[in-house]
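Undergrad: This is the structure I want to talk about, given as structure tokens.
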Amino acid sequence: MNFTVGEEVLVDDVRYVVSSIEGTPPTRYRLLATTPTGAKMLWAAPSELRKMSVYVRPRDDTEASVRHRR
């Protein structure tokens, strides 16, 4: 699975943003996160990353939106 710079990913259920990619094929990604105590940075292998399912999993929320507007 490949990721792009700027994409949000999960590592150990923590949300990060891909800020840099090293190696071909991508051998590791530089990730950034904001925490209550400041910025957090780490390097991760592609196998450690997961896509943000909320963005890639289809869901049918049309009915809920229609009910909310009434």
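Letters for chains follow the order of the structure tokens (A, B, ...), residue numbers begin at 1 for each chain, and ligand numbers begin at 1 in the order shown.
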Just the residues within 9 Å of segment 27-35 of chain A, please, counting only C-alpha atoms, with nothing from its chain fewer than 6 positions along; format it as a list in words.
TA: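 Here the answer would be Phe3, Val5, Val9, Val14, Arg15, Tyr16, Val17, Val18, Ser19, Ser20, Ile21, Met41, Leu42, Trp43, Ala44, Ala45 and Pro46 of chain A.
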Undergrad: Using only C-alpha atoms, please write the residues we just selected to a file, as a short mmCIF file (atom, residue, chain, number, x, y, z; two decimals), in the first residue's frame.
TA:
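Output saved as selection.cif:
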```cif
data_model
loop_
_atom_site.label_atom_id
_atom_site.label_comp_id
_atom_site.auth_asym_id
_atom_site.auth_seq_id
_atom_site.Cartn_x
_atom_site.Cartn_y
_atom_site.Cartn_z
CA PHE A 3 0.75 6.74 0.77
CA VAL A 5 2.76 13.42 1.27
CA VAL A 9 -2.58 7.74 8.30
CA VAL A 14 -2.75 7.65 16.46
CA ARG A 15 -3.39 9.98 13.50
CA TYR A 16 -0.33 11.29 11.66
CA VAL A 17 0.30 13.22 8.44
CA VAL A 18 2.88 11.93 5.96
CA SER A 19 5.50 14.68 5.60
CA SER A 20 8.26 12.90 3.68
CA ILE A 21 8.90 9.63 1.84
CA MET A 41 7.65 12.96 14.64
CA LEU A 42 8.46 9.39 13.76
CA TRP A 43 9.67 7.25 10.88
CA ALA A 44 7.54 4.23 9.94
CA ALA A 45 7.66 1.41 7.43
CA PRO A 46 4.72 1.03 5.03
#
```
Undergrad: Tell me which protein, DNA and RNA residues are within 10 Å of Asp13 of chain A, counting only C-alpha atoms, leaving out same-chain ones fewer than 6 positions away, and put them as an MDAnalysis selection string.
TA: chainID A and resid 49:50 52
Undergrad: Looking only at the backbone, which of the residues in segment 2-60 of chain A does DSSP tag as alpha helix (DSSP H), as a short mmCIF file (atom, residue, chain, number, x, y, z; two decimals) with C-alpha atoms, in the first residue's frame?
TA:
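In the end it all went to out18.cif:
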```
data_model
loop_
_atom_site.label_atom_id
_atom_site.label_comp_id
_atom_site.auth_asym_id
_atom_site.auth_seq_id
_atom_site.Cartn_x
_atom_site.Cartn_y
_atom_site.Cartn_z
CA SER A 53 -11.02 4.21 7.20
CA VAL A 54 -13.38 7.10 7.82
CA TYR A 55 -12.19 8.58 4.51
CA VAL A 56 -12.06 5.39 2.44
#
```
Undergrad: Which of these, A:Val11, A:Gly23, A:Gly6, A:Thr37, has the shortest distance to Lys51 of chain A once you count only C-alpha atoms?
TA: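 Nearest to Lys51 of chain A: A:Val11.
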